[in-house]
Amino acid sequence: MQQTFTKSERLCSKKVLGELFKKGSASGQPGLAQTFYLFPFRVLYLPQDPESPPGWPAIVITVPKRTFKRAVDRNLIRRRVREAYRLNKTSLAPNGTGPIKSSPASIAFLYTAKQIISFEEIEKGMKLALKKL
RNA sequence: AAUCCAGACCGGCUUAUCGCGUCCGAGCAAUCGGGCGAGGAAAGUCCGGGCAGCGAAGAGCACCCUACUUCCUAACGGGAAGGCGGACGGCUGGUGACGGCCGUUCGACAGCCAGUGUCACAGAAAACAAACCGCCGAAAGGUAAGGGUGAAAAGGUGGGGUAAGAGCCCACCGCCCGUGGGGCAACCAAUGGGGCAGGAUAAACCUUAGGGGCUGAAAGACCAAAUAAGCGUCGGACGUGCGGCUGCUCGUCGCCAGCGGCUCGCAAGGGCCAACACCGACGCGGGUAGGUCGAACGAGGUGGUUGGUGACAACCAUCCCAGAUAAAUGAUAGGCCAUCCGGUAACGGAGGACAGAACCCGGCUUACAGGUCUGGAUUGAGC
RNA sequence: AGCCCGAUAGUAUAAGGGUAGUACGACAGAUUUUGGUUCUGUUUGUGGAGGUUCGAAUCCUUCUCGGGCUA
């Protein structure tokens with residue numbers, strides 16, 4: 001049971017991020033970023049390059065400054081979301097060995113709720129979102 | 001013990017499991033083991049430094065900042081001690097104006113007898129002085145006691161004096177000038193003289209004294225990769241030119257080549273014009289947005305001794321104490337400690353202030369549940 | 001992270017330290033059969049706190065909010 005969360009699973013490249021958000025605005029077409037809403041998130045993801053070997057997806061978590069003015073609140077939400085992903089990401093690998101080809105390469109979780117919600121609720125939303133992916 | 005005031009400090013603790021960042025060690029590697037891992041404000045960016053780059057790292061002016069004194073400090077607009085002044089409370093002196101002592105607390109606290117400006121309304125009059133009512137006088141005129149206005153009206157109180165009055169005269173209070181004394185100084189107390197200079201405002205211009213070059217780690221250095229060497233507009237030829245570390249002046253540094261055409265001249269040499277190139281500025285287009293250093297040993301922390309009223313300094317011992325970069329410091333489950341609610345109690349339930357490092361320090365300011373300590377005041381109780 | 005500006009009525013914008021205006025709105029009334037146009041009147045404000053001053057939108061300090069610039 002893999003529950004780690006290393007540097008390679010974080011989406012850091014400005015280029016990839018720009019691509020993800022740019023393509024995400026024109027969703028629906030095949031080959032581009034897909035998006036769906038599921039409380040408390042809006043999820044954006046890019047499919048994997050079929051040439052490269054399958055690996056764990058790189059993710060990014062976003063909490064808007066507009067709704068949460070204090071840095072402490074944003075940090076708390078970001079950490080809860082990341083923890084929920086870390087504990088449940090094995091559902092992306094149903095065979096138990098590793099991620100399958102069809103799982104996405106990069107995912108963005110945009111936090112859309114207006115209040116700080118508890119870890120249990122975030123985890124519930126995260127399980128549903130990963131199932132959908 | 002309670003309340004209030006002033007100052008200083010703490011700001012949840014702990015166990016287990018799963019994780020994250022970084023450093024060290026082991027290992028060929030996968031990985032394993034160990035150490036450390038947010039704050040008193042990390043915040044606001046209001047000051048001061050370190051550090052870095054930038055014209056001679058030039059000068060003067062402008063501009064900006066500071067403002068009782070002495071000291072502390074790397075420096076400061078910060079701090080300490082002292083002085084002076086105000087407010088409040090208590091006691092107290094004097095007929096009165098006005099003082100004296102003690103305590104608490106506050107003060108951007110240099111200079112409007114260098115100059116200039118402003119002072120609405122009201123009021124006779126707002127600073128050169130004058131005179132509305134009034135008072136005195138037969139009048140000419142004298143007067144600034146009283147009235148009222150205002151934030152402010154040309155010293156005040158008591159007495160003498162006078163036609164009525166007035167520093168006109170006297171005493172005291174205040175003010176100004178001087179003398180010697182104490183104190184490093186701000187200033188203090190004493191003493192002599194002068195009937196008295198003369199409103200407020202400098203967080204108004206200003207004066208005096210002192211200080212400030214500018215820009216900030218997205219500074220800056222290096223490695224790697226990639227694009228371009230293209231287009232457009234404007235400007236430029238030894239000058240009243242363009243550019244450069246805010247502005248202005250001076251200075252200084254850099255740049256300004258060659259060719260052609262027309263023309264003046266006997267010539268040396270000069271003038272004008274166009275295009276291209278060059279240089280500079282701005283814009284468009286296109287490319288890259290990876291890594292290393294800066295950057296974690298410092299005006300460092302803790303403890304002690306000595307000096308100093310104190311801020312602080314010196315010396316000795318000891319410790320290494322976050323270092324990320326789309327950015328770690330988290331999640332879950334227990335126990336404890338405060339707090340709140342219900343309950344006589346056992347107990348049950350809720351639930352942890354303000355707030356998250358980003359080059360580093362010293363301050364200031366602002367936010368903050370609850371708690372601890374010290375000093376002072378008042379009230380109550382006991383011995 | 002650093003730096004720089006700004007805040008006046010519902011909106012836009014003035015105001016030498018001395019009664020806070022102007023325009024468009026909104027509301028009411030008049031004109032009109034009704035509505036519009038037009039005319040008259042009314043309403044509403046200096047972001048908060050403290051200080052300097054006799055007196056502050058203005059000067060100073062501080063907080064809050066909003067905006068902008070910097071590879």
# chains A, B, ... in the order shown; residues from 1 in each chain; ligands from 1
>>> interface_residues(of="chain B", to="chain A", cutoff="8 Å", atoms="only C-alpha atoms (C1' of nucleotides)", output="short mmCIF file (atom, residue, chain, number, x, y, z; two decimals) with N, CA, C and O atoms (P, O5', C5', C4', C3', O3' and C1' of nucleotides), in the first residue's frame")
data_model
loop_
_atom_site.label_atom_id
_atom_site.label_comp_id
_atom_site.auth_asym_id
_atom_site.auth_seq_id
_atom_site.Cartn_x
_atom_site.Cartn_y
_atom_site.Cartn_z
P C B 18 4.22 3.35 10.71
"O5'" C B 18 3.46 4.29 9.66
"C5'" C B 18 2.41 3.77 8.87
"C4'" C B 18 1.70 4.87 8.11
"C3'" C B 18 2.60 5.77 7.28
"O3'" C B 18 2.98 5.17 6.05
"C1'" C B 18 1.07 7.10 8.49
P G B 19 4.32 5.61 5.31
"O5'" G B 19 3.89 7.06 4.82
"C5'" G B 19 4.83 8.12 4.79
"C4'" G B 19 4.14 9.42 4.51
"C3'" G B 19 5.06 10.59 4.24
"O3'" G B 19 5.48 10.63 2.90
"C1'" G B 19 3.49 11.21 5.87
P C B 20 7.00 10.95 2.51
"O5'" C B 20 7.04 12.53 2.69
"C5'" C B 20 6.15 13.36 1.95
"C4'" C B 20 6.30 14.80 2.34
"C3'" C B 20 7.73 15.31 2.36
"O3'" C B 20 8.21 15.63 1.07
"C1'" C B 20 6.62 16.01 4.32
P A B 326 9.10 26.70 -7.26
"O5'" A B 326 7.69 26.13 -6.82
"C5'" A B 326 7.04 26.64 -5.67
"C4'" A B 326 5.59 26.25 -5.69
"C3'" A B 326 5.30 24.88 -6.28
"O3'" A B 326 4.24 24.27 -5.53
"C1'" A B 326 4.16 26.54 -7.52
P G B 330 2.17 21.40 11.44
"O5'" G B 330 0.89 20.71 10.79
"C5'" G B 330 0.38 21.16 9.55
"C4'" G B 330 -0.07 19.99 8.70
"C3'" G B 330 -1.05 19.03 9.36
"O3'" G B 330 -2.38 19.51 9.36
"C1'" G B 330 0.65 17.82 8.27
P A B 331 -3.41 19.04 10.49
"O5'" A B 331 -3.76 17.54 10.08
"C5'" A B 331 -4.51 17.27 8.89
"C4'" A B 331 -4.68 15.78 8.71
"C3'" A B 331 -5.33 15.06 9.89
"O3'" A B 331 -6.74 15.16 9.87
"C1'" A B 331 -3.41 13.88 9.18
P A B 355 -6.13 37.50 12.98
"O5'" A B 355 -4.67 37.46 12.37
"C5'" A B 355 -4.18 36.30 11.72
"C4'" A B 355 -2.80 35.99 12.21
"C3'" A B 355 -1.94 35.17 11.25
"O3'" A B 355 -1.29 36.02 10.30
"C1'" A B 355 -1.79 34.29 13.44
P G B 356 -1.19 35.61 8.74
"O5'" G B 356 0.24 34.90 8.69
"C5'" G B 356 0.38 33.55 8.96
"C4'" G B 356 1.82 33.17 9.03
"C3'" G B 356 2.45 32.92 7.65
"O3'" G B 356 3.81 33.32 7.68
"C1'" G B 356 2.49 30.93 8.95
#
>>> residues_around(residues="G77 (chain B)", least_positions_apart="5", cutoff="9 Å", atoms="only C-alpha atoms (C1' of nucleotides)", output="count of residues only")
4
>>> atom_distance(atom1="CA of Thr35 (chain A)", atom2="CA of Phe109 (chain A)")
10.1 Å
>>> atom_distance(atom1="C1' of A57 (chain B)", atom2="C1' of G241 (chain B)")
26.4 Å
>>> closest_residue(among="C:C3, C:A71, C:G17, C:A28", to="G55 (chain C)", atoms="only C-alpha atoms (C1' of nucleotides)")
C:G17
>>> residues_around(residues="region 127-133 of chain A", least_positions_apart="5", cutoff="8 Å", atoms="only C-alpha atoms (C1' of nucleotides)", output="number ranges by chain")
A: 38, 43, 88-89, 91-92, 103-104
>>> closest_residue(among="C:U40, C:U32, C:G45, C:U70", to="A57 (chain C)", atoms="only C-alpha atoms (C1' of nucleotides)")
C:G45
>>> residues_around(residues="A23 (chain C)", least_positions_apart="4", cutoff="12 Å", atoms="only C-alpha atoms (C1' of nucleotides)", output="JSON, numbers by chain")
{"C": [11, 12, 13, 14]}
>>> write_last_selection(atoms="N, CA, C and O atoms (P, O5', C5', C4', C3', O3' and C1' of nucleotides)", output="mmCIF file, in the first residue's frame")
data_model
loop_
_atom_site.group_PDB
_atom_site.id
_atom_site.type_symbol
_atom_site.label_atom_id
_atom_site.label_comp_id
_atom_site.auth_asym_id
_atom_site.auth_seq_id
_atom_site.Cartn_x
_atom_site.Cartn_y
_atom_site.Cartn_z
ATOM 1 P P U C 11 -21.229 55.319 -4.879
ATOM 2 O "O5'" U C 11 -21.252 55.865 -6.369
ATOM 3 C "C5'" U C 11 -21.287 54.966 -7.469
ATOM 4 C "C4'" U C 11 -21.281 55.717 -8.780
ATOM 5 C "C3'" U C 11 -20.147 56.709 -8.960
ATOM 6 O "O3'" U C 11 -18.937 56.087 -9.376
ATOM 7 C "C1'" U C 11 -22.178 57.736 -9.587
ATOM 8 P P A C 12 -17.519 56.749 -8.951
ATOM 9 O "O5'" A C 12 -17.426 58.071 -9.830
ATOM 10 C "C5'" A C 12 -17.176 57.985 -11.229
ATOM 11 C "C4'" A C 12 -17.277 59.343 -11.892
ATOM 12 C "C3'" A C 12 -16.330 60.417 -11.358
ATOM 13 O "O3'" A C 12 -15.016 60.290 -11.881
ATOM 14 C "C1'" A C 12 -18.498 61.311 -11.584
ATOM 15 P P U C 13 -13.735 60.713 -10.951
ATOM 16 O "O5'" U C 13 -13.953 62.270 -10.706
ATOM 17 C "C5'" U C 13 -13.691 63.203 -11.757
ATOM 18 C "C4'" U C 13 -14.225 64.568 -11.410
ATOM 19 C "C3'" U C 13 -13.476 65.322 -10.320
ATOM 20 O "O3'" U C 13 -12.303 65.954 -10.826
ATOM 21 C "C1'" U C 13 -15.817 65.491 -9.955
ATOM 22 P P A C 14 -11.236 66.620 -9.819
ATOM 23 O "O5'" A C 14 -11.924 68.017 -9.530
ATOM 24 C "C5'" A C 14 -11.708 68.677 -8.292
ATOM 25 C "C4'" A C 14 -12.511 69.954 -8.261
ATOM 26 C "C3'" A C 14 -12.134 70.912 -7.135
ATOM 27 O "O3'" A C 14 -11.043 71.727 -7.489
ATOM 28 C "C1'" A C 14 -14.484 70.619 -7.189
#
>>> residues_around(residues="U62 (chain C)", least_positions_apart="6", cutoff="12 Å", atoms="only C-alpha atoms (C1' of nucleotides)", output="mmCIF file with all heavy atoms, in the first residue's frame")
data_model
loop_
_atom_site.group_PDB
_atom_site.id
_atom_site.type_symbol
_atom_site.label_atom_id
_atom_site.label_comp_id
_atom_site.auth_asym_id
_atom_site.auth_seq_id
_atom_site.Cartn_x
_atom_site.Cartn_y
_atom_site.Cartn_z
ATOM 1 P P G B 44 2.561 41.810 5.619
ATOM 2 O OP1 G B 44 1.314 41.057 5.826
ATOM 3 O OP2 G B 44 3.155 41.889 4.294
ATOM 4 O "O5'" G B 44 2.351 43.301 6.128
ATOM 5 C "C5'" G B 44 1.050 43.874 6.131
ATOM 6 C "C4'" G B 44 1.068 45.215 6.814
ATOM 7 O "O4'" G B 44 1.475 45.052 8.195
ATOM 8 C "C3'" G B 44 2.060 46.215 6.254
ATOM 9 O "O3'" G B 44 1.542 46.870 5.112
ATOM 10 C "C2'" G B 44 2.265 47.162 7.431
ATOM 11 O "O2'" G B 44 1.222 48.094 7.509
ATOM 12 C "C1'" G B 44 2.184 46.205 8.617
ATOM 13 N N9 G B 44 3.496 45.789 9.136
ATOM 14 C C8 G B 44 4.151 44.637 8.829
ATOM 15 N N7 G B 44 5.292 44.507 9.453
ATOM 16 C C5 G B 44 5.389 45.650 10.215
ATOM 17 C C6 G B 44 6.398 46.073 11.100
ATOM 18 O O6 G B 44 7.448 45.497 11.396
ATOM 19 N N1 G B 44 6.104 47.306 11.675
ATOM 20 C C2 G B 44 4.989 48.026 11.420
ATOM 21 N N2 G B 44 4.891 49.188 12.065
ATOM 22 N N3 G B 44 4.020 47.648 10.590
ATOM 23 C C4 G B 44 4.294 46.459 10.033
ATOM 24 P P C B 46 6.001 52.244 4.512
ATOM 25 O OP1 C B 46 4.794 52.257 3.688
ATOM 26 O OP2 C B 46 7.092 53.202 4.180
ATOM 27 O "O5'" C B 46 5.595 52.427 6.039
ATOM 28 C "C5'" C B 46 5.120 53.673 6.525
ATOM 29 C "C4'" C B 46 5.879 54.094 7.752
ATOM 30 O "O4'" C B 46 5.704 53.114 8.807
ATOM 31 C "C3'" C B 46 7.394 54.166 7.572
ATOM 32 O "O3'" C B 46 7.781 55.367 6.947
ATOM 33 C "C2'" C B 46 7.898 54.018 9.004
ATOM 34 O "O2'" C B 46 7.816 55.239 9.692
ATOM 35 C "C1'" C B 46 6.883 53.040 9.595
ATOM 36 N N1 C B 46 7.371 51.653 9.619
ATOM 37 C C2 C B 46 8.252 51.247 10.635
ATOM 38 O O2 C B 46 8.618 52.063 11.478
ATOM 39 N N3 C B 46 8.683 49.974 10.671
ATOM 40 C C4 C B 46 8.279 49.113 9.754
ATOM 41 N N4 C B 46 8.736 47.857 9.842
ATOM 42 C C5 C B 46 7.393 49.482 8.715
ATOM 43 C C6 C B 46 6.964 50.756 8.690
ATOM 44 P P C B 364 10.584 48.579 20.568
ATOM 45 O OP1 C B 364 10.467 49.049 21.955
ATOM 46 O OP2 C B 364 10.303 47.169 20.255
ATOM 47 O "O5'" C B 364 9.645 49.490 19.669
ATOM 48 C "C5'" C B 364 9.793 50.905 19.672
ATOM 49 C "C4'" C B 364 9.068 51.533 18.514
ATOM 50 O "O4'" C B 364 9.620 51.049 17.270
ATOM 51 C "C3'" C B 364 7.588 51.203 18.421
ATOM 52 O "O3'" C B 364 6.808 52.042 19.255
ATOM 53 C "C2'" C B 364 7.308 51.430 16.933
ATOM 54 O "O2'" C B 364 7.145 52.799 16.641
ATOM 55 C "C1'" C B 364 8.599 50.935 16.299
ATOM 56 N N1 C B 364 8.540 49.539 15.816
ATOM 57 C C2 C B 364 7.814 49.203 14.664
ATOM 58 O O2 C B 364 7.191 50.076 14.063
ATOM 59 N N3 C B 364 7.794 47.925 14.240
ATOM 60 C C4 C B 364 8.470 46.988 14.906
ATOM 61 N N4 C B 364 8.439 45.744 14.452
ATOM 62 C C5 C B 364 9.218 47.304 16.065
ATOM 63 C C6 C B 364 9.223 48.561 16.480
ATOM 64 P P U B 365 5.522 51.437 19.979
ATOM 65 O OP1 U B 365 4.988 52.492 20.857
ATOM 66 O OP2 U B 365 5.860 50.110 20.543
ATOM 67 O "O5'" U B 365 4.491 51.226 18.794
ATOM 68 C "C5'" U B 365 3.988 52.343 18.065
ATOM 69 C "C4'" U B 365 3.222 51.875 16.845
ATOM 70 O "O4'" U B 365 4.102 51.146 15.965
ATOM 71 C "C3'" U B 365 2.080 50.915 17.127
ATOM 72 O "O3'" U B 365 0.907 51.589 17.527
ATOM 73 C "C2'" U B 365 1.937 50.191 15.792
ATOM 74 O "O2'" U B 365 1.201 50.971 14.869
ATOM 75 C "C1'" U B 365 3.387 50.108 15.314
ATOM 76 N N1 U B 365 4.036 48.810 15.614
ATOM 77 C C2 U B 365 3.798 47.741 14.776
ATOM 78 O O2 U B 365 3.064 47.802 13.818
ATOM 79 N N3 U B 365 4.459 46.586 15.104
ATOM 80 C C4 U B 365 5.321 46.401 16.162
ATOM 81 O O4 U B 365 5.840 45.307 16.325
ATOM 82 C C5 U B 365 5.513 47.547 16.979
ATOM 83 C C6 U B 365 4.879 48.677 16.690
ATOM 84 P P U B 366 -0.074 50.897 18.615
ATOM 85 O OP1 U B 366 -1.079 51.897 18.995
ATOM 86 O OP2 U B 366 0.738 50.255 19.660
ATOM 87 O "O5'" U B 366 -0.816 49.758 17.777
ATOM 88 C "C5'" U B 366 -1.692 50.121 16.726
ATOM 89 C "C4'" U B 366 -1.968 48.934 15.836
ATOM 90 O "O4'" U B 366 -0.736 48.451 15.250
ATOM 91 C "C3'" U B 366 -2.544 47.705 16.512
ATOM 92 O "O3'" U B 366 -3.922 47.820 16.799
ATOM 93 C "C2'" U B 366 -2.223 46.626 15.497
ATOM 94 O "O2'" U B 366 -3.116 46.668 14.410
ATOM 95 C "C1'" U B 366 -0.842 47.054 15.035
ATOM 96 N N1 U B 366 0.231 46.350 15.764
ATOM 97 C C2 U B 366 0.601 45.114 15.297
ATOM 98 O O2 U B 366 0.103 44.597 14.320
ATOM 99 N N3 U B 366 1.585 44.494 16.003
ATOM 100 C C4 U B 366 2.229 44.979 17.125
ATOM 101 O O4 U B 366 3.098 44.295 17.653
ATOM 102 C C5 U B 366 1.790 46.263 17.558
ATOM 103 C C6 U B 366 0.828 46.883 16.874
ATOM 104 P P G C 48 -14.805 58.385 8.539
ATOM 105 O OP1 G C 48 -16.085 58.783 9.155
ATOM 106 O OP2 G C 48 -13.778 59.400 8.226
ATOM 107 O "O5'" G C 48 -14.151 57.275 9.465
ATOM 108 C "C5'" G C 48 -14.949 56.239 10.026
ATOM 109 C "C4'" G C 48 -14.128 55.383 10.956
ATOM 110 O "O4'" G C 48 -13.031 54.781 10.215
ATOM 111 C "C3'" G C 48 -13.440 56.120 12.088
ATOM 112 O "O3'" G C 48 -14.304 56.376 13.179
ATOM 113 C "C2'" G C 48 -12.312 55.160 12.451
ATOM 114 O "O2'" G C 48 -12.782 54.074 13.228
ATOM 115 C "C1'" G C 48 -11.908 54.646 11.073
ATOM 116 N N9 G C 48 -10.781 55.404 10.506
ATOM 117 C C8 G C 48 -10.805 56.280 9.452
ATOM 118 N N7 G C 48 -9.627 56.786 9.185
ATOM 119 C C5 G C 48 -8.780 56.203 10.116
ATOM 120 C C6 G C 48 -7.383 56.354 10.322
ATOM 121 O O6 G C 48 -6.594 57.058 9.710
ATOM 122 N N1 G C 48 -6.930 55.584 11.378
ATOM 123 C C2 G C 48 -7.724 54.766 12.133
ATOM 124 N N2 G C 48 -7.107 54.102 13.118
ATOM 125 N N3 G C 48 -9.018 54.602 11.957
ATOM 126 C C4 G C 48 -9.484 55.349 10.931
ATOM 127 P P A C 49 -14.090 57.711 14.059
ATOM 128 O OP1 A C 49 -15.162 57.765 15.065
ATOM 129 O OP2 A C 49 -13.859 58.847 13.150
ATOM 130 O "O5'" A C 49 -12.708 57.406 14.817
ATOM 131 C "C5'" A C 49 -12.654 56.412 15.832
ATOM 132 C "C4'" A C 49 -11.245 56.244 16.354
ATOM 133 O "O4'" A C 49 -10.362 55.832 15.274
ATOM 134 C "C3'" A C 49 -10.577 57.495 16.906
ATOM 135 O "O3'" A C 49 -10.990 57.815 18.217
ATOM 136 C "C2'" A C 49 -9.102 57.124 16.818
ATOM 137 O "O2'" A C 49 -8.723 56.266 17.864
ATOM 138 C "C1'" A C 49 -9.061 56.365 15.498
ATOM 139 N N9 A C 49 -8.709 57.239 14.369
ATOM 140 C C8 A C 49 -9.549 57.769 13.428
ATOM 141 N N7 A C 49 -8.941 58.516 12.551
ATOM 142 C C5 A C 49 -7.608 58.477 12.933
ATOM 143 C C6 A C 49 -6.445 59.066 12.404
ATOM 144 N N6 A C 49 -6.443 59.847 11.328
ATOM 145 N N1 A C 49 -5.273 58.831 13.023
ATOM 146 C C2 A C 49 -5.278 58.047 14.106
ATOM 147 N N3 A C 49 -6.297 57.434 14.701
ATOM 148 C C4 A C 49 -7.454 57.684 14.057
ATOM 149 P P G C 50 -11.061 59.365 18.671
ATOM 150 O OP1 G C 50 -11.629 59.408 20.033
ATOM 151 O OP2 G C 50 -11.680 60.147 17.590
ATOM 152 O "O5'" G C 50 -9.527 59.770 18.765
ATOM 153 C "C5'" G C 50 -8.739 59.342 19.861
ATOM 154 C "C4'" G C 50 -7.261 59.566 19.617
ATOM 155 O "O4'" G C 50 -6.886 59.073 18.305
ATOM 156 C "C3'" G C 50 -6.784 61.013 19.590
ATOM 157 O "O3'" G C 50 -6.690 61.596 20.875
ATOM 158 C "C2'" G C 50 -5.454 60.878 18.881
ATOM 159 O "O2'" G C 50 -4.465 60.362 19.736
ATOM 160 C "C1'" G C 50 -5.791 59.837 17.817
ATOM 161 N N9 G C 50 -6.171 60.484 16.551
ATOM 162 C C8 G C 50 -7.410 60.564 15.977
ATOM 163 N N7 G C 50 -7.407 61.218 14.844
ATOM 164 C C5 G C 50 -6.083 61.601 14.666
ATOM 165 C C6 G C 50 -5.454 62.338 13.622
ATOM 166 O O6 G C 50 -5.973 62.814 12.613
ATOM 167 N N1 G C 50 -4.101 62.493 13.837
ATOM 168 C C2 G C 50 -3.427 62.006 14.925
ATOM 169 N N2 G C 50 -2.128 62.263 14.981
ATOM 170 N N3 G C 50 -3.990 61.312 15.905
ATOM 171 C C4 G C 50 -5.310 61.150 15.716
ATOM 172 P P G C 51 -6.979 63.184 21.028
ATOM 173 O OP1 G C 51 -6.927 63.503 22.470
ATOM 174 O OP2 G C 51 -8.185 63.527 20.249
ATOM 175 O "O5'" G C 51 -5.721 63.849 20.326
ATOM 176 C "C5'" G C 51 -4.460 63.877 20.978
ATOM 177 C "C4'" G C 51 -3.346 64.267 20.032
ATOM 178 O "O4'" G C 51 -3.554 63.659 18.737
ATOM 179 C "C3'" G C 51 -3.235 65.750 19.718
ATOM 180 O "O3'" G C 51 -2.601 66.475 20.749
ATOM 181 C "C2'" G C 51 -2.442 65.729 18.411
ATOM 182 O "O2'" G C 51 -1.069 65.542 18.659
ATOM 183 C "C1'" G C 51 -3.000 64.485 17.732
ATOM 184 N N9 G C 51 -4.021 64.788 16.722
ATOM 185 C C8 G C 51 -5.341 64.425 16.734
ATOM 186 N N7 G C 51 -5.998 64.830 15.681
ATOM 187 C C5 G C 51 -5.048 65.497 14.922
ATOM 188 C C6 G C 51 -5.155 66.155 13.664
ATOM 189 O O6 G C 51 -6.152 66.277 12.949
ATOM 190 N N1 G C 51 -3.958 66.702 13.263
ATOM 191 C C2 G C 51 -2.790 66.625 13.966
ATOM 192 N N2 G C 51 -1.730 67.220 13.410
ATOM 193 N N3 G C 51 -2.671 66.011 15.136
ATOM 194 C C4 G C 51 -3.833 65.478 15.551
#
>>> atom_distance(atom1="C1' of G294 (chain B)", atom2="C1' of C51 (chain B)")
9.6 Å
